[in-house]
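> Just one file: coords_16.txt, with compact mmCIF, C-alpha atoms.
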```
# COMPACT_ATOMS: atom_id res chain seq x y z
CA MET A 1 46.96 68.91 124.88
CA SER A 2 48.89 71.44 126.95
CA GLU A 3 50.13 74.67 125.44
CA ASP A 4 53.80 73.60 125.91
CA ARG A 5 53.18 70.25 124.21
CA SER A 6 51.36 71.95 121.35
CA ALA A 7 54.26 74.38 120.84
CA ALA A 8 56.77 71.51 120.96
CA THR A 9 54.74 69.55 118.40
CA ALA A 10 54.55 72.59 116.12
CA ALA A 11 58.32 73.09 116.42
CA VAL A 12 59.00 69.43 115.56
CA ASP A 13 56.58 69.63 112.62
CA ALA A 14 58.40 72.76 111.33
CA ASP A 15 61.75 70.99 111.68
CA LEU A 16 60.31 67.94 109.93
CA GLU A 17 59.23 70.11 107.00
CA THR A 18 62.72 71.62 106.81
CA MET A 19 64.25 68.15 106.93
CA VAL A 20 62.03 66.90 104.09
CA GLN A 21 62.96 69.92 101.97
CA LEU A 22 66.67 69.44 102.67
CA MET A 23 66.50 65.72 101.91
CA ALA A 24 64.80 66.40 98.58
CA ARG A 25 67.47 68.96 97.70
CA MET A 26 70.22 66.55 98.76
CA ILE A 27 68.82 63.73 96.63
CA ARG A 28 68.42 66.03 93.62
CA GLY A 29 72.00 67.21 94.13
CA ILE A 30 73.37 63.70 94.35
CA LYS A 31 71.40 62.42 91.37
CA GLY A 32 71.64 65.64 89.38
CA GLY A 33 74.41 66.94 87.28
CA HIS A 34 75.71 65.33 84.18
CA ASP A 35 79.27 64.77 85.28
CA GLY A 36 79.71 61.44 83.53
CA SER A 37 78.93 59.42 86.65
CA GLU A 38 75.65 58.19 85.17
CA GLU A 39 77.81 55.95 82.96
CA LEU A 40 78.27 53.56 85.90
CA VAL A 41 74.54 53.44 86.60
CA ASP A 42 73.92 52.63 82.91
CA ARG A 43 76.53 49.85 82.92
CA VAL A 44 75.19 48.39 86.16
CA ARG A 45 71.70 48.30 84.62
CA ALA A 46 73.04 46.83 81.37
CA ALA A 47 74.58 43.99 83.41
CA GLY A 48 71.14 43.23 84.87
CA LEU A 49 72.10 44.69 88.26
CA GLY A 50 70.52 47.45 90.28
CA PRO A 51 71.08 50.20 92.83
CA ARG A 52 71.56 47.68 95.66
CA HIS A 53 74.87 46.64 94.06
CA VAL A 54 76.42 50.12 94.05
CA PRO A 55 77.16 50.33 97.82
CA VAL A 56 79.40 47.25 97.49
CA LEU A 57 81.42 49.07 94.83
CA ILE A 58 81.64 52.22 96.96
CA GLN A 59 82.91 50.21 99.94
CA LEU A 60 85.59 48.63 97.75
CA VAL A 61 86.74 52.07 96.60
CA LEU A 62 86.90 53.27 100.21
CA ARG A 63 88.62 50.22 101.73
CA GLY A 64 90.15 48.26 98.90
CA PRO A 65 90.12 44.45 98.66
CA VAL A 66 88.33 42.91 101.62
CA ALA A 67 86.93 39.60 102.84
CA VAL A 68 83.22 39.04 102.26
CA GLY A 69 82.55 38.80 106.01
CA VAL A 70 84.29 42.10 106.73
CA LEU A 71 82.43 43.77 103.88
CA ALA A 72 79.15 42.40 105.25
CA ARG A 73 79.85 43.85 108.73
CA ARG A 74 80.74 47.25 107.26
CA MET A 75 77.54 47.30 105.23
CA GLY A 76 75.29 45.91 107.97
CA LEU A 77 74.26 42.98 105.78
CA SER A 78 74.51 39.23 106.15
CA PRO A 79 77.58 37.49 104.67
CA ALA A 80 75.22 35.47 102.45
CA THR A 81 73.69 38.65 101.01
CA VAL A 82 77.09 40.23 100.38
CA SER A 83 78.37 37.01 98.83
CA GLN A 84 75.38 37.01 96.49
CA LEU A 85 75.89 40.68 95.58
CA ALA A 86 79.60 40.06 94.98
CA GLY A 87 78.81 37.06 92.77
CA GLU A 88 76.41 39.12 90.69
CA LEU A 89 78.92 41.96 90.44
CA GLU A 90 81.62 39.47 89.43
CA ARG A 91 79.43 38.12 86.62
CA GLY A 92 78.97 41.73 85.47
CA GLY A 93 82.73 42.29 85.46
CA PHE A 94 82.68 44.86 88.27
CA VAL A 95 84.53 42.87 90.93
CA GLU A 96 86.90 39.96 91.25
CA ARG A 97 86.79 37.31 93.94
CA ARG A 98 89.69 35.14 94.99
CA PRO A 99 90.46 32.92 97.95
CA ASP A 100 92.40 34.53 100.80
CA GLU A 101 96.02 33.34 100.63
CA ARG A 102 96.12 32.86 104.42
CA ASP A 103 92.71 31.20 104.77
CA ARG A 104 91.35 29.51 101.65
CA ARG A 105 87.84 29.41 103.16
CA ARG A 106 87.61 33.21 102.97
CA MET A 107 86.90 35.03 99.73
CA ILE A 108 88.52 38.40 99.05
CA VAL A 109 86.52 40.82 96.92
CA SER A 110 88.19 43.61 94.94
CA LEU A 111 87.26 45.99 92.16
CA GLY A 112 87.69 44.54 88.71
CA GLU A 113 90.12 46.32 86.44
CA ARG A 114 87.62 46.59 83.58
CA HIS A 115 85.42 49.12 85.42
CA ARG A 116 87.78 50.33 88.17
CA GLU A 117 88.35 53.86 86.87
CA MET A 118 84.66 54.46 86.22
CA VAL A 119 83.66 53.11 89.68
CA GLU A 120 86.29 55.25 91.41
CA ARG A 121 85.23 58.36 89.48
CA PHE A 122 81.56 57.73 90.34
CA THR A 123 82.34 57.15 94.02
CA TRP A 124 84.48 60.22 94.56
CA ARG A 125 82.06 62.50 92.69
CA ARG A 126 79.23 61.24 94.90
CA LEU A 127 81.23 61.41 98.14
CA ARG A 128 82.96 64.75 97.58
CA PRO A 129 80.13 66.88 99.10
CA PHE A 130 79.94 64.57 102.12
CA ARG A 131 83.68 64.75 102.68
CA MET A 132 83.72 68.54 102.26
CA THR A 133 80.87 68.79 104.78
CA LEU A 134 82.70 66.66 107.35
CA GLU A 135 85.92 68.63 106.80
CA SER A 136 84.08 71.90 107.44
CA LEU A 137 82.87 70.76 110.87
CA THR A 138 84.78 70.74 114.14
CA PRO A 139 85.32 67.29 115.71
CA ASP A 140 82.45 67.96 118.16
CA GLU A 141 80.13 69.10 115.35
CA ARG A 142 81.07 66.00 113.32
CA ALA A 143 80.26 63.77 116.28
CA GLN A 144 76.83 65.43 116.67
CA PHE A 145 76.17 65.32 112.94
CA LEU A 146 77.01 61.60 112.76
CA HIS A 147 75.00 60.95 115.92
CA GLY A 148 71.96 62.49 114.21
CA TRP A 149 72.48 60.34 111.12
CA ARG A 150 72.82 57.19 113.28
CA VAL A 151 69.61 58.00 115.15
CA LEU A 152 67.82 58.55 111.83
CA VAL A 153 69.08 55.30 110.27
CA GLU A 154 68.41 53.24 113.40
CA THR A 155 64.88 54.67 113.61
CA ILE A 156 64.27 53.85 109.96
CA GLU A 157 65.58 50.31 110.47
CA ARG A 158 63.52 49.84 113.63
CA THR A 159 60.28 51.13 112.11
CA SER A 160 60.51 49.60 108.64
CA GLY A 161 59.06 46.26 107.82
CA PRO A 162 55.79 44.65 106.79
CA GLU A 163 53.89 46.06 109.79
CA ARG A 164 55.02 49.61 109.01
CA GLY A 165 51.93 51.73 109.06
CA GLY A 166 53.08 55.31 109.38
CA GLU A 167 52.49 55.65 113.10
CA GLY A 168 53.45 59.08 114.33
CA CYS A 169 53.17 60.63 110.88
CA PRO A 170 50.60 63.30 110.11
CA GLY A 171 47.76 61.60 108.33
CA GLY A 172 49.30 58.16 109.10
```
Any chance you could give the structure as structure tokens?

Amino acid sequence: MSEDRSAATAAVDADLETMVQLMARMIRGIKGGHDGSEELVDRVRAAGLGPRHVPVLIQLVLRGPVAVGVLARRMGLSPATVSQLAGELERGGFVERRPDERDRRRMIVSLGERHREMVERFTWRRLRPFRMTLESLTPDERAQFLHGWRVLVETIERTSGPERGGEGCPGG
């Protein structure tokens, strides 16, 4: 291996270590704190639901009532998966589904009144640091920041799956 390649690899490894440390701190920060938002997680669990249901609720807080197909596109999931999640959330009293008045074939999903306040409180407490971060960046910095996140997510999506073996990872 050339000296330049070795230095580049060492620099990437150092950045990787920093990234892992920052991700751990971010996750602790998001999960940490006893601000009352754990109440939603407890109620979701009590309804027999899990963490995969929470992003649907967050999307409904951000965008309000929406058709299942639109929600699926926003979340990068199939309409069938989102319809299933919405059905489970409806049974738990977290969302309401109703036919679209203009097109009865489409179902509109909205937050249910029973848990609305708690879901909104949870969402905004979780999203506040992200919003503050984006507000602190210039438009160019935001574009670069979001570009980095997209590259990360697309790489994770591309490399995950049953054949995932840790290629390119130290010790993998």
> Box time for segment 85-93 of chain A: axis-aligned, enclosing all its listed atoms, 8 Å extra on each side; report centre and edge lengths in Å to one decimal, as AutoDock Vina command-line options.

```
--center_x 79.3 --center_y 39.7 --center_z 90.5 --size_x 22.8 --size_y 21.2 --size_z 26.1
```
> How many Å separate atom CA of Val153 of chain A from atom CA of Leu62 of chain A?
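Result for atom CA of Val153 of chain A versus atom CA of Leu62 of chain A: 20.6 Å, one decimal.
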> Between atom CA of Arg126 of chain A and atom CA of Glu39 of chain A, measure the distance and give it in Å to one decimal.
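Between these atoms lies a distance of 13.1 Å.
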> For atom CA of Ala8 of chain A and atom CA of Val20 of chain A, determine how far apart the two atoms are, in Å to one decimal place.
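Atom CA of Val20 of chain A lies at a distance of 18.3 Å from atom CA of Ala8 of chain A.
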> Pick the closest to Leu71 of chain A from A:Arg91, A:Ser110, A:Asp42, A:Gly50: which is it, counting only C-alpha atoms?
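Among the listed residues, the smallest separation from Leu71 of chain A belongs to A:Ser110.
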> What's around Gly29 of chain A at 10 Å? Count only C-alpha atoms, leave out sequence neighbours fewer than 4 positions away in its own chain, and write the answer as a short mmCIF file (atom, residue, chain, number, x, y, z; two decimals) with C-alpha atoms, in the coordinates of the input.

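What follows is the written file part-v1.cif:
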```
data_model
loop_
_atom_site.label_atom_id
_atom_site.label_comp_id
_atom_site.auth_asym_id
_atom_site.auth_seq_id
_atom_site.Cartn_x
_atom_site.Cartn_y
_atom_site.Cartn_z
CA MET A 23 66.50 65.72 101.91
CA ALA A 24 64.80 66.40 98.58
CA ARG A 25 67.47 68.96 97.70
CA GLY A 33 74.41 66.94 87.28
CA ARG A 126 79.23 61.24 94.90
CA PRO A 129 80.13 66.88 99.10
#
```
> Using all atoms listed in the file, find the one residue out of A:Val70, A:Arg52, A:Phe130, A:Gly76 that sits nearest to Glu154 of chain A.
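Ranking A:Val70, A:Arg52, A:Phe130, A:Gly76 by distance to Glu154 of chain A, first place goes to A:Gly76.
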> Between A:Arg116, A:Gly148, A:Ala67, A:Asp103, which residue has the minimum interatomic distance to Ser83 of chain A, considering only C-alpha atoms?
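With only C-alpha atoms as the atom set, the closest residue is A:Ala67.
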> Using only C-alpha atoms, what residues lie at most 7 Å away from (82.7, 46.3, 102.1) (file coordinates), given as a PDB file with C-alpha atoms, in the coordinates of the input?

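The resulting file, point_13.pdb, is reproduced below:
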```pdb
ATOM      1  CA  VAL A  56      79.400  47.250  97.490  1.00  0.00           C
ATOM      2  CA  GLN A  59      82.910  50.210  99.940  1.00  0.00           C
ATOM      3  CA  LEU A  60      85.590  48.630  97.750  1.00  0.00           C
ATOM      4  CA  VAL A  66      88.330  42.910 101.620  1.00  0.00           C
ATOM      5  CA  VAL A  70      84.290  42.100 106.730  1.00  0.00           C
ATOM      6  CA  LEU A  71      82.430  43.770 103.880  1.00  0.00           C
ATOM      7  CA  ALA A  72      79.150  42.400 105.250  1.00  0.00           C
ATOM      8  CA  ARG A  74      80.740  47.250 107.260  1.00  0.00           C
ATOM      9  CA  MET A  75      77.540  47.300 105.230  1.00  0.00           C
TER      10      MET A  75
END
```
